[in-house]
$ cat model.txt   # compact mmCIF, C-alpha atoms
# COMPACT_ATOMS: atom_id res chain seq x y z
CA MET A 1 0.00 0.00 0.00
CA ASN A 2 1.38 3.40 -0.99
CA ARG A 3 1.46 6.04 1.70
CA ILE A 4 -0.36 9.35 1.11
CA TYR A 5 0.94 12.09 3.38
CA ALA A 6 -1.73 14.69 4.18
CA ASP A 7 -0.32 16.23 7.37
CA ASN A 8 1.81 19.08 6.00
CA ALA A 9 0.40 21.57 8.53
CA CYS A 10 2.26 19.54 11.16
CA THR A 11 5.49 19.25 9.19
CA THR A 12 6.03 19.26 5.44
CA PHE A 13 7.09 15.98 3.85
CA PRO A 14 8.95 15.11 1.79
CA LYS A 15 11.60 17.81 1.94
CA PRO A 16 13.47 18.96 -1.16
CA SER A 17 16.31 16.47 -1.68
CA THR A 18 18.86 19.26 -1.28
CA VAL A 19 17.88 19.67 2.38
CA PRO A 20 19.05 16.27 3.74
CA ASP A 21 21.97 16.30 1.32
CA ALA A 22 23.23 19.64 2.64
CA MET A 23 22.77 18.57 6.27
CA SER A 24 24.58 15.28 5.72
CA ASP A 25 27.46 17.02 3.95
CA PHE A 26 27.83 19.48 6.82
CA ILE A 27 27.91 16.76 9.48
CA LYS A 28 30.23 14.47 7.49
CA ASN A 29 32.65 16.98 6.01
CA HIS A 30 32.51 20.23 7.98
CA GLY A 31 30.99 20.03 11.46
CA VAL A 32 32.55 23.20 12.80
CA ASN A 33 30.99 25.72 15.15
CA ILE A 34 30.74 29.47 14.51
CA ASN A 35 31.83 32.49 16.57
CA ARG A 36 34.20 30.17 18.42
CA GLY A 37 36.84 29.20 15.87
CA SER A 38 39.42 31.45 14.20
CA TYR A 39 39.88 29.26 11.12
CA SER A 40 38.54 29.27 7.58
CA PRO A 41 35.89 26.49 7.87
CA ALA A 42 34.29 28.40 10.76
CA TYR A 43 34.33 31.60 8.73
CA ASP A 44 32.73 29.78 5.79
CA MET A 45 29.93 28.57 8.06
CA GLU A 46 29.44 32.09 9.45
CA GLU A 47 28.88 33.26 5.88
CA LEU A 48 26.23 30.59 5.30
CA VAL A 49 24.45 31.56 8.54
CA TYR A 50 24.61 35.22 7.52
CA ASN A 51 23.14 34.43 4.10
CA THR A 52 20.33 32.42 5.71
CA ARG A 53 19.42 35.44 7.86
CA LEU A 54 19.59 37.62 4.76
CA TRP A 55 17.28 35.37 2.74
CA LEU A 56 14.77 35.21 5.60
CA CYS A 57 14.66 39.00 5.82
CA GLU A 58 14.28 39.26 2.06
CA LEU A 59 11.39 36.78 2.18
CA PHE A 60 9.62 38.71 4.94
CA HIS A 61 10.56 42.19 3.68
CA PHE A 62 12.64 43.33 6.62
CA PRO A 63 15.63 45.64 6.06
CA ASP A 64 18.31 44.38 8.47
CA CYS A 65 19.38 40.73 8.69
CA LYS A 66 21.06 41.12 12.09
CA ASN A 67 17.53 41.24 13.50
CA ALA A 68 16.82 37.65 12.37
CA ILE A 69 17.23 35.44 15.45
CA PHE A 70 17.50 31.65 15.27
CA THR A 71 15.61 29.46 17.76
CA GLN A 72 14.46 25.84 17.94
CA ASN A 73 10.97 26.49 16.55
CA VAL A 74 8.10 28.96 16.49
CA THR A 75 7.00 27.96 20.02
CA MET A 76 10.37 28.94 21.44
CA SER A 77 10.28 32.18 19.43
CA LEU A 78 6.85 33.10 20.79
CA ASN A 79 7.92 32.27 24.35
CA MET A 80 11.03 34.43 23.96
CA VAL A 81 9.04 37.39 22.69
CA ILE A 82 6.05 37.11 25.04
CA LYS A 83 8.04 36.44 28.22
CA GLY A 84 10.76 38.89 27.24
CA LEU A 85 8.36 41.79 26.77
CA PHE A 86 5.36 41.37 29.05
CA GLY A 87 4.66 40.77 32.71
CA PRO A 88 2.33 41.77 35.55
CA GLY A 89 0.15 44.73 34.66
CA SER A 90 0.26 44.12 30.91
CA HIS A 91 -2.91 43.51 28.92
CA ILE A 92 -2.71 41.60 25.62
CA LEU A 93 -5.21 41.01 22.82
CA VAL A 94 -5.26 37.71 20.92
CA SER A 95 -7.69 36.19 18.45
CA SER A 96 -9.99 33.37 19.49
CA MET A 97 -8.23 31.15 16.91
CA GLU A 98 -4.84 30.96 18.61
CA HIS A 99 -2.63 27.89 18.98
CA ASN A 100 -1.35 26.85 22.39
CA ALA A 101 2.08 28.18 21.39
CA VAL A 102 0.53 31.59 22.10
CA MET A 103 -2.07 30.67 24.71
CA ARG A 104 0.04 28.62 27.11
CA PRO A 105 2.73 31.29 27.63
CA LEU A 106 -0.03 33.86 28.20
CA VAL A 107 -1.90 31.64 30.66
CA GLN A 108 1.39 30.95 32.44
CA LEU A 109 1.99 34.70 32.79
CA GLN A 110 -1.66 35.25 33.75
CA HIS A 111 -0.91 33.50 37.04
CA LYS A 112 1.66 36.26 37.69
CA GLY A 113 -0.62 39.21 36.89
CA LEU A 114 -0.73 39.51 33.10
CA GLU A 115 -4.20 39.86 31.56
CA PHE A 116 -5.48 39.04 28.07
CA ASP A 117 -8.69 39.09 26.07
CA ARG A 118 -9.67 37.09 23.00
CA ILE A 119 -10.92 39.04 19.98
CA PRO A 120 -14.00 37.10 18.80
CA CYS A 121 -13.91 35.38 15.44
CA SER A 122 -16.81 34.18 13.32
CA HIS A 123 -17.84 30.55 12.87
CA ASP A 124 -15.47 30.24 9.87
CA GLY A 125 -12.49 31.50 11.88
CA SER A 126 -12.38 35.03 10.47
CA LEU A 127 -11.70 37.97 12.75
CA ILE A 128 -14.88 40.01 13.38
CA PRO A 129 -14.17 43.65 12.40
CA GLY A 130 -14.55 46.18 15.19
CA GLU A 131 -14.45 43.71 18.05
CA ALA A 132 -10.83 44.48 18.97
CA GLU A 133 -11.66 48.15 19.58
CA LYS A 134 -14.14 47.19 22.32
CA LEU A 135 -11.49 45.27 24.25
CA LEU A 136 -8.86 48.00 24.48
CA ARG A 137 -7.71 49.10 27.93
CA PRO A 138 -5.27 51.79 29.06
CA ASN A 139 -2.69 49.05 29.78
CA THR A 140 -3.13 47.14 26.50
CA LYS A 141 0.38 46.54 25.16
CA ALA A 142 0.09 44.35 22.08
CA VAL A 143 -1.90 42.19 19.70
CA ILE A 144 -0.55 38.66 19.29
CA MET A 145 -2.14 36.79 16.40
CA THR A 146 -1.78 33.80 14.14
CA HIS A 147 -1.56 34.55 10.43
CA ALA A 148 -3.58 31.45 9.51
CA SER A 149 -5.37 28.79 11.51
CA ASN A 150 -3.67 25.43 11.85
CA VAL A 151 -7.14 23.87 12.26
CA CYS A 152 -9.13 25.18 9.29
CA GLY A 153 -6.72 27.30 7.23
CA THR A 154 -8.55 30.64 7.63
CA VAL A 155 -6.20 33.57 6.97
CA MET A 156 -6.26 36.72 9.12
CA ASP A 157 -6.00 40.20 7.59
CA LEU A 158 -2.62 41.21 9.00
CA THR A 159 -2.56 44.53 7.14
CA ALA A 160 -5.77 45.65 8.84
CA VAL A 161 -4.65 44.42 12.26
CA GLY A 162 -1.26 46.08 11.82
CA ALA A 163 -2.96 49.39 11.02
CA PHE A 164 -5.13 48.97 14.14
CA CYS A 165 -1.99 48.45 16.23
CA ARG A 166 -0.30 51.54 14.83
CA LYS A 167 -3.42 53.62 15.45
CA HIS A 168 -3.46 52.63 19.12
CA GLY A 169 0.28 52.44 19.77
CA LEU A 170 0.34 48.67 20.24
CA LEU A 171 2.99 46.13 19.35
CA PHE A 172 2.00 43.61 16.68
CA ILE A 173 3.39 40.10 17.16
CA VAL A 174 2.60 37.48 14.51
CA ASP A 175 2.66 33.70 14.67
CA ALA A 176 3.57 32.73 11.10
CA ALA A 177 3.85 28.98 11.75
CA GLN A 178 1.32 28.14 9.03
CA THR A 179 2.20 30.85 6.50
CA ALA A 180 5.96 31.38 6.38
CA GLY A 181 6.90 30.16 2.91
CA VAL A 182 3.20 29.77 2.02
CA LEU A 183 1.82 33.33 1.84
CA PRO A 184 3.55 36.65 1.14
CA ILE A 185 4.49 38.43 4.37
CA ASP A 186 5.69 42.03 4.33
CA MET A 187 6.69 43.07 7.85
CA GLU A 188 6.95 46.74 6.94
CA ALA A 189 3.66 47.00 5.02
CA MET A 190 1.82 44.95 7.67
CA SER A 191 3.37 46.92 10.58
CA ILE A 192 4.68 43.73 12.22
CA ASP A 193 7.02 44.29 15.17
CA ALA A 194 7.94 40.64 15.79
CA LEU A 195 7.46 37.80 13.32
CA CYS A 196 7.82 34.27 14.73
CA PHE A 197 8.29 31.34 12.35
CA THR A 198 9.38 27.73 12.17
CA GLY A 199 11.55 26.08 9.54
CA HIS A 200 9.90 22.69 9.21
CA LYS A 201 6.50 23.64 7.76
CA GLY A 202 6.04 25.92 4.73
CA LEU A 203 9.72 26.84 4.65
CA LEU A 204 10.41 23.15 3.84
CA GLY A 205 13.35 22.86 6.23
CA PRO A 206 14.09 20.32 8.97
CA GLN A 207 12.60 20.12 12.44
CA GLY A 208 14.42 21.85 15.28
CA ILE A 209 15.12 25.18 13.57
CA GLY A 210 12.99 28.31 13.65
CA GLY A 211 13.33 31.92 14.57
CA CYS A 212 11.95 35.40 14.91
CA ILE A 213 12.60 38.75 13.28
CA LEU A 214 12.45 41.71 15.63
CA THR A 215 12.35 45.43 15.08
CA ASP A 216 15.08 47.39 16.85
CA ALA A 217 12.52 48.84 19.27
CA VAL A 218 11.28 45.38 20.29
CA ALA A 219 14.80 44.01 20.65
CA ALA A 220 15.84 46.94 22.85
CA ASN A 221 12.97 46.31 25.27
CA MET A 222 13.01 42.51 25.24
CA GLU A 223 14.77 40.61 28.01
CA PRO A 224 16.65 37.49 26.83
CA LEU A 225 14.91 34.29 27.87
CA ILE A 226 18.18 32.30 27.77
CA SER A 227 21.62 33.57 28.72
CA GLY A 228 25.05 32.09 28.16
CA GLY A 229 28.03 31.99 25.84
CA THR A 230 27.80 33.66 22.45
CA GLY A 231 31.46 33.66 21.40
CA SER A 232 31.39 37.47 21.50
CA VAL A 233 32.48 39.95 24.21
CA SER A 234 33.56 36.92 26.23
CA HIS A 235 35.29 39.08 28.83
CA LEU A 236 31.86 40.18 30.09
CA GLU A 237 29.42 38.14 32.19
CA GLU A 238 26.49 40.19 30.88
CA MET A 239 24.71 39.23 27.70
CA PRO A 240 25.77 41.29 24.66
CA ASP A 241 23.57 44.30 23.96
CA PHE A 242 23.74 43.86 20.16
CA LEU A 243 21.91 41.64 17.68
CA PRO A 244 21.72 38.80 16.96
CA ASP A 245 24.02 37.71 19.83
CA ARG A 246 21.74 39.11 22.55
CA PHE A 247 19.18 36.35 21.89
CA GLU A 248 21.37 33.48 20.65
CA ALA A 249 23.13 32.04 23.70
CA GLY A 250 24.74 28.62 23.37
CA THR A 251 25.72 26.49 20.42
CA MET A 252 23.36 26.97 17.49
CA ASN A 253 21.65 24.20 15.54
CA LEU A 254 24.00 24.52 12.59
CA PRO A 255 22.82 21.32 10.82
CA GLY A 256 19.31 22.78 11.03
CA ILE A 257 20.42 26.15 9.68
CA VAL A 258 22.26 24.42 6.84
CA GLY A 259 19.06 22.51 6.03
CA LEU A 260 16.98 25.69 6.23
CA HIS A 261 19.47 27.45 3.94
CA ALA A 262 19.03 24.69 1.34
CA ALA A 263 15.24 24.87 1.72
CA LEU A 264 15.21 28.64 1.25
CA GLU A 265 17.36 28.24 -1.85
CA TYR A 266 14.75 25.82 -3.20
CA LEU A 267 11.91 28.25 -2.39
CA ARG A 268 13.77 31.08 -4.09
CA HIS A 269 14.13 28.93 -7.20
CA ILE A 270 10.56 27.57 -7.33
CA GLY A 271 8.77 30.61 -5.89
CA ILE A 272 6.17 30.56 -3.15
CA ASP A 273 3.50 31.74 -5.58
CA GLU A 274 3.99 28.64 -7.71
CA ILE A 275 3.84 26.39 -4.65
CA ARG A 276 0.69 28.09 -3.37
CA HIS A 277 -0.97 27.82 -6.78
CA LYS A 278 -0.51 24.05 -6.78
CA GLU A 279 -1.56 23.62 -3.14
CA MET A 280 -4.74 25.61 -3.68
CA ALA A 281 -5.59 23.63 -6.83
CA LEU A 282 -5.39 20.47 -4.73
CA THR A 283 -7.53 22.10 -2.03
CA LYS A 284 -10.14 23.11 -4.61
CA GLN A 285 -10.24 19.53 -5.91
CA PHE A 286 -10.65 18.15 -2.39
CA LEU A 287 -13.39 20.59 -1.33
CA ALA A 288 -15.32 19.91 -4.54
CA GLY A 289 -15.02 16.17 -3.99
CA ILE A 290 -16.52 16.21 -0.49
CA ALA A 291 -19.03 19.06 -0.95
CA ASP A 292 -21.96 16.68 -1.44
CA MET A 293 -21.24 14.51 1.60
CA ASP A 294 -24.02 14.88 4.16
CA THR A 295 -22.24 12.67 6.70
CA ILE A 296 -19.46 15.19 7.44
CA ASP A 297 -19.13 18.86 8.30
CA ILE A 298 -16.32 21.05 7.00
CA ALA A 299 -14.89 23.24 9.76
CA GLY A 300 -14.37 26.87 8.78
CA LYS A 301 -14.47 28.07 5.20
CA THR A 302 -15.88 25.88 2.45
CA GLY A 303 -14.43 27.99 -0.38
CA LEU A 304 -10.94 29.06 -1.48
CA ASP A 305 -10.92 32.72 -0.43
CA ASN A 306 -8.63 33.72 2.45
CA ARG A 307 -7.48 30.21 3.31
CA THR A 308 -4.47 27.93 3.16
CA ALA A 309 -4.40 24.28 2.02
CA VAL A 310 -5.63 23.08 5.44
CA VAL A 311 -9.09 21.48 5.64
CA SER A 312 -10.69 19.95 8.73
CA ILE A 313 -13.75 17.73 8.70
CA ALA A 314 -15.95 16.31 11.46
CA SER A 315 -17.83 13.06 11.00
CA LYS A 316 -21.54 12.97 11.91
CA THR A 317 -21.73 9.16 12.01
CA MET A 318 -18.62 7.97 13.87
CA ASP A 319 -15.80 9.08 16.12
CA ASN A 320 -13.25 11.20 14.27
CA SER A 321 -10.44 9.00 15.58
CA GLU A 322 -12.03 5.99 13.90
CA VAL A 323 -12.09 7.90 10.62
CA ALA A 324 -8.39 8.74 10.92
CA VAL A 325 -7.42 5.17 11.84
CA ARG A 326 -9.37 3.69 8.95
CA LEU A 327 -7.90 6.20 6.51
CA GLU A 328 -4.44 4.98 7.43
CA GLU A 329 -5.14 1.27 7.83
CA GLU A 330 -7.29 0.86 4.72
CA TYR A 331 -5.82 3.48 2.39
CA GLY A 332 -2.43 4.54 3.76
CA ILE A 333 -3.65 8.14 4.21
CA LEU A 334 -1.91 10.02 7.02
CA THR A 335 -3.88 12.83 8.69
CA ARG A 336 -4.03 14.46 12.10
CA VAL A 337 -7.05 13.98 14.34
CA GLY A 338 -8.07 15.73 17.57
CA LEU A 339 -7.76 19.28 18.83
CA HIS A 340 -4.48 20.18 17.08
CA CYS A 341 -3.08 22.03 20.13
CA ALA A 342 -5.70 24.71 19.51
CA PRO A 343 -8.72 24.27 21.81
CA SER A 344 -9.64 27.95 21.51
CA ALA A 345 -9.87 27.62 17.73
CA HIS A 346 -12.05 24.51 18.00
CA LYS A 347 -14.39 26.30 20.42
CA THR A 348 -14.71 29.13 17.90
CA LEU A 349 -15.39 26.70 15.03
CA GLY A 350 -17.89 24.67 17.06
CA THR A 351 -15.81 21.49 16.92
CA TYR A 352 -14.84 21.30 20.61
CA PRO A 353 -14.37 18.87 22.32
CA ALA A 354 -14.67 16.21 19.59
CA GLY A 355 -12.11 17.89 17.34
CA THR A 356 -11.69 17.14 13.66
CA VAL A 357 -9.79 15.09 11.11
CA ARG A 358 -7.37 17.49 9.45
CA PHE A 359 -6.08 17.23 5.88
CA SER A 360 -3.24 19.55 4.91
CA PHE A 361 -1.79 19.40 1.44
CA GLY A 362 1.67 20.23 0.12
CA HIS A 363 2.98 20.82 -3.36
CA TYR A 364 4.38 17.29 -3.46
CA ASN A 365 0.87 15.86 -3.26
CA THR A 366 -0.77 14.87 -6.55
CA PRO A 367 -4.30 15.09 -7.98
CA GLU A 368 -4.37 11.28 -7.98
CA GLU A 369 -3.73 11.25 -4.24
CA ILE A 370 -6.55 13.73 -3.68
CA ASP A 371 -8.90 11.51 -5.67
CA THR A 372 -7.92 8.56 -3.45
CA ILE A 373 -8.61 10.61 -0.30
CA ILE A 374 -12.03 11.65 -1.62
CA GLN A 375 -12.93 8.07 -2.51
CA ALA A 376 -11.76 6.88 0.90
CA LEU A 377 -13.92 9.40 2.73
CA HIS A 378 -16.96 8.50 0.65
CA HIS A 379 -16.41 4.84 1.56
CA ILE A 380 -15.63 5.33 5.28
CA CYS A 381 -18.13 8.09 6.07
CA LYS A 382 -21.06 6.74 4.07
$ encode --input "model.txt" --output "structure tokens"
Amino acid sequence: MNRIYADNACTTFPKPSTVPDAMSDFIKNHGVNINRGSYSPAYDMEELVYNTRLWLCELFHFPDCKNAIFTQNVTMSLNMVIKGLFGPGSHILVSSMEHNAVMRPLVQLQHKGLEFDRIPCSHDGSLIPGEAEKLLRPNTKAVIMTHASNVCGTVMDLTAVGAFCRKHGLLFIVDAAQTAGVLPIDMEAMSIDALCFTGHKGLLGPQGIGGCILTDAVAANMEPLISGGTGSVSHLEEMPDFLPDRFEAGTMNLPGIVGLHAALEYLRHIGIDEIRHKEMALTKQFLAGIADMDTIDIAGKTGLDNRTAVVSIASKTMDNSEVAVRLEEEYGILTRVGLHCAPSAHKTLGTYPAGTVRFSFGHYNTPEEIDTIIQALHHICK
């Protein structure tokens, strides 16, 4: 039985062949550290890391690559930003569609005096215009928001939210886990102060590498979450006050950065518009193929506007987990079932606590695979 991978919202697979090749070559033939060796292989690796920062800033339309900080993943990036900027007395606005990568740090800080409110979203996951204005307080500091839902694919209007933040003097922090490498992101045009991303989803890189891009103003006011050696100003026991060193203590995940560099090179060659065009064609095919099924509900949007290639369904006739198990056992189709680390989103969509079966397509999927998935659902959920 051939395997059909439909869980790209979790991590994209397969990766471009250049990604594992570059990582293997680094580990086998180079393996040096950076900022800690005064020899040419270390300098060569520093140049690759610099170019990776540069390409990320070009992708997200940010002017200075020193402000691109590497982390383990988007969750670590969000924790760094949230815990480095806010504390007791701060009030934060989030959407009701947020992932636990945003909600759990906020709830953790809530026990210490931070407050937050959820901006209501409609039943399809879209932000309701005007609702944010009603929640403003004198101590509101920021809006923290996902760019697109990991549950149903609904895309938020970052340009409008960014303008709202500028109007009210708020910071705008964006969780781009589902959209980095998938949708165009312009930090300057969207008034984004901190963009948090991961490498292993739309950017097509390996797990264990992510990052954030910070404006100078955010970086100046953000306390480092982790302190330690940076290979710079080693005579001091204080963290450096310059970027990116201030937020990159300890040995970096260089194999991950090498893999991300190769992935970004692939994206630059193919173009994210071309990838999105194919993914949305597959999504259109899938939605059309299940539109007449009265035994399932589609969570969120049923059309193609303002969405990514993420579609969640809920069975009316059986437990969603049974659907997912049968998809794999009978057809080799790999999905993700449950609450997707986003209970707030499921409550908004009306799919809590049962959750959904999520299909998320990548540009390596084929129309033939989508046909097989449609046929499988018609057979299982009849």
$ atom_distance --input "model.txt" --atom1 "CA of Leu127 (chain A)" --atom2 "CA of Ala180 (chain A)"
19.9 Å
$ closest_residue --input "model.txt" --among "A:Thr348, A:Leu183, A:Ile374, A:Arg246" --to "Leu287 (chain A)" --atoms "only C-alpha atoms"
A:Ile374
$ residues_around --input "model.txt" --residues "Asp216 (chain A)" --least-positions-apart "4" --cutoff "12 Å" --atoms "all atoms listed in the file" --output "list in words"
Phe62, Pro63, Asp64, Cys65, Lys66, Asn67, Ala68, Ile192, Asp193, Ala194, Ala220, Asn221, Met222, Asp241, Phe242, Leu243 and Pro244 of chain A
$ closest_residue --input "model.txt" --among "A:Glu265, A:Glu330, A:Glu368, A:Asp292" --to "Met1 (chain A)" --atoms "all atoms listed in the file"
A:Glu330
$ closest_residue --input "model.txt" --among "A:Leu349, A:Ile296, A:Ala249, A:Cys57" --to "Asp319 (chain A)" --atoms "all atoms listed in the file"
A:Ile296
$ closest_residue --input "model.txt" --among "A:Cys121, A:Met239, A:Ile4, A:Ile173" --to "Tyr331 (chain A)" --atoms "all atoms listed in the file"
A:Ile4
$ residues_around --input "model.txt" --residues "Thr317 (chain A)" --least-positions-apart "5" --cutoff "9 Å" --atoms "all atoms listed in the file" --output "list in words"
Thr295, Ile296, Cys381 and Lys382 of chain A
$ atom_distance --input "model.txt" --atom1 "CA of Ala160 (chain A)" --atom2 "CA of Ser95 (chain A)"
13.6 Å
$ residues_around --input "model.txt" --residues "His346 (chain A)" --least-positions-apart "4" --cutoff "8 Å" --atoms "only C-alpha atoms" --output "MDAnalysis selection string"
chainID A and resid 97 151 339 342 350:353 355
$ residues_near_point --input "model.txt" --point "(24.0, 17.8, 13.4)" --cutoff "7 Å" --atoms "only C-alpha atoms" --output "PyMOL selection string"
chain A and resi 27+254-255
$ atom_distance --input "model.txt" --atom1 "CA of His340 (chain A)" --atom2 "CA of Glu131 (chain A)"
25.6 Å
$ residues_around --input "model.txt" --residues "Thr154 (chain A)" --least-positions-apart "2" --cutoff "12 Å" --atoms "all atoms listed in the file" --output "PyMOL selection string"
chain A and resi 97-98+121-127+146-152+156-157+178-179+299-312+345+349
$ residues_around --input "model.txt" --residues "region 113-116 of chain A" --least-positions-apart "6" --cutoff "8 Å" --atoms "all atoms listed in the file" --output "list in words"
Phe86, Gly87, Pro88, Gly89, Ser90, His91, Ile92, Leu93, Val94 and Leu106 of chain A
$ write_last_selection --input "model.txt" --atoms "C-alpha atoms" --output "short mmCIF file (atom, residue, chain, number, x, y, z; two decimals), in the coordinates of the input"
data_model
loop_
_atom_site.label_atom_id
_atom_site.label_comp_id
_atom_site.auth_asym_id
_atom_site.auth_seq_id
_atom_site.Cartn_x
_atom_site.Cartn_y
_atom_site.Cartn_z
CA PHE A 86 5.36 41.37 29.05
CA GLY A 87 4.66 40.77 32.71
CA PRO A 88 2.33 41.77 35.55
CA GLY A 89 0.15 44.73 34.66
CA SER A 90 0.26 44.12 30.91
CA HIS A 91 -2.91 43.51 28.92
CA ILE A 92 -2.71 41.60 25.62
CA LEU A 93 -5.21 41.01 22.82
CA VAL A 94 -5.26 37.71 20.92
CA LEU A 106 -0.03 33.86 28.20
#
$ closest_residue --input "model.txt" --among "A:Pro367, A:Gly259, A:Gly202, A:Pro224" --to "Leu282 (chain A)" --atoms "all atoms listed in the file"
A:Pro367
$ build_atoms --input "model.txt" --residues "region 317-324 of chain A" --atoms "all heavy atoms" --output "mmCIF file, in the coordinates of the input"
data_model
loop_
_atom_site.group_PDB
_atom_site.id
_atom_site.type_symbol
_atom_site.label_atom_id
_atom_site.label_comp_id
_atom_site.auth_asym_id
_atom_site.auth_seq_id
_atom_site.Cartn_x
_atom_site.Cartn_y
_atom_site.Cartn_z
ATOM 1 N N THR A 317 -21.264 10.543 11.821
ATOM 2 C CA THR A 317 -21.730 9.160 12.010
ATOM 3 C C THR A 317 -20.796 8.303 12.846
ATOM 4 O O THR A 317 -21.184 7.209 13.251
ATOM 5 C CB THR A 317 -21.903 8.490 10.636
ATOM 6 O OG1 THR A 317 -20.642 8.524 9.930
ATOM 7 C CG2 THR A 317 -22.948 9.214 9.812
ATOM 8 N N MET A 318 -19.562 8.769 13.093
ATOM 9 C CA MET A 318 -18.620 7.970 13.870
ATOM 10 C C MET A 318 -17.607 8.876 14.531
ATOM 11 O O MET A 318 -17.502 10.070 14.202
ATOM 12 C CB MET A 318 -17.917 6.934 12.994
ATOM 13 C CG MET A 318 -16.991 7.526 11.951
ATOM 14 S SD MET A 318 -16.199 6.260 10.909
ATOM 15 C CE MET A 318 -17.604 5.795 9.892
ATOM 16 N N ASP A 319 -16.850 8.315 15.457
ATOM 17 C CA ASP A 319 -15.800 9.080 16.120
ATOM 18 C C ASP A 319 -14.726 9.480 15.102
ATOM 19 O O ASP A 319 -14.338 8.682 14.235
ATOM 20 C CB ASP A 319 -15.169 8.242 17.234
ATOM 21 C CG ASP A 319 -14.245 9.071 18.101
ATOM 22 O OD1 ASP A 319 -13.043 9.152 17.757
ATOM 23 O OD2 ASP A 319 -14.710 9.637 19.097
ATOM 24 N N ASN A 320 -14.260 10.715 15.215
ATOM 25 C CA ASN A 320 -13.250 11.200 14.270
ATOM 26 C C ASN A 320 -11.974 10.352 14.305
ATOM 27 O O ASN A 320 -11.314 10.170 13.276
ATOM 28 C CB ASN A 320 -12.908 12.659 14.561
ATOM 29 C CG ASN A 320 -14.036 13.594 14.216
ATOM 30 O OD1 ASN A 320 -14.696 13.432 13.194
ATOM 31 N ND2 ASN A 320 -14.279 14.583 15.065
ATOM 32 N N SER A 321 -11.635 9.839 15.479
ATOM 33 C CA SER A 321 -10.440 9.000 15.580
ATOM 34 C C SER A 321 -10.585 7.730 14.753
ATOM 35 O O SER A 321 -9.613 7.258 14.144
ATOM 36 C CB SER A 321 -10.166 8.638 17.042
ATOM 37 O OG SER A 321 -9.856 9.786 17.792
ATOM 38 N N GLU A 322 -11.795 7.190 14.712
ATOM 39 C CA GLU A 322 -12.030 5.990 13.900
ATOM 40 C C GLU A 322 -11.837 6.313 12.418
ATOM 41 O O GLU A 322 -11.281 5.506 11.655
ATOM 42 C CB GLU A 322 -13.431 5.445 14.140
ATOM 43 C CG GLU A 322 -13.705 4.154 13.375
ATOM 44 C CD GLU A 322 -15.106 3.614 13.600
ATOM 45 O OE1 GLU A 322 -15.829 4.151 14.465
ATOM 46 O OE2 GLU A 322 -15.478 2.646 12.902
ATOM 47 N N VAL A 323 -12.292 7.485 12.005
ATOM 48 C CA VAL A 323 -12.090 7.900 10.620
ATOM 49 C C VAL A 323 -10.604 7.962 10.293
ATOM 50 O O VAL A 323 -10.148 7.427 9.264
ATOM 51 C CB VAL A 323 -12.745 9.276 10.350
ATOM 52 C CG1 VAL A 323 -12.450 9.743 8.928
ATOM 53 C CG2 VAL A 323 -14.243 9.216 10.585
ATOM 54 N N ALA A 324 -9.825 8.590 11.165
ATOM 55 C CA ALA A 324 -8.390 8.740 10.920
ATOM 56 C C ALA A 324 -7.683 7.387 10.878
ATOM 57 O O ALA A 324 -6.819 7.150 10.027
ATOM 58 C CB ALA A 324 -7.769 9.634 11.991
#
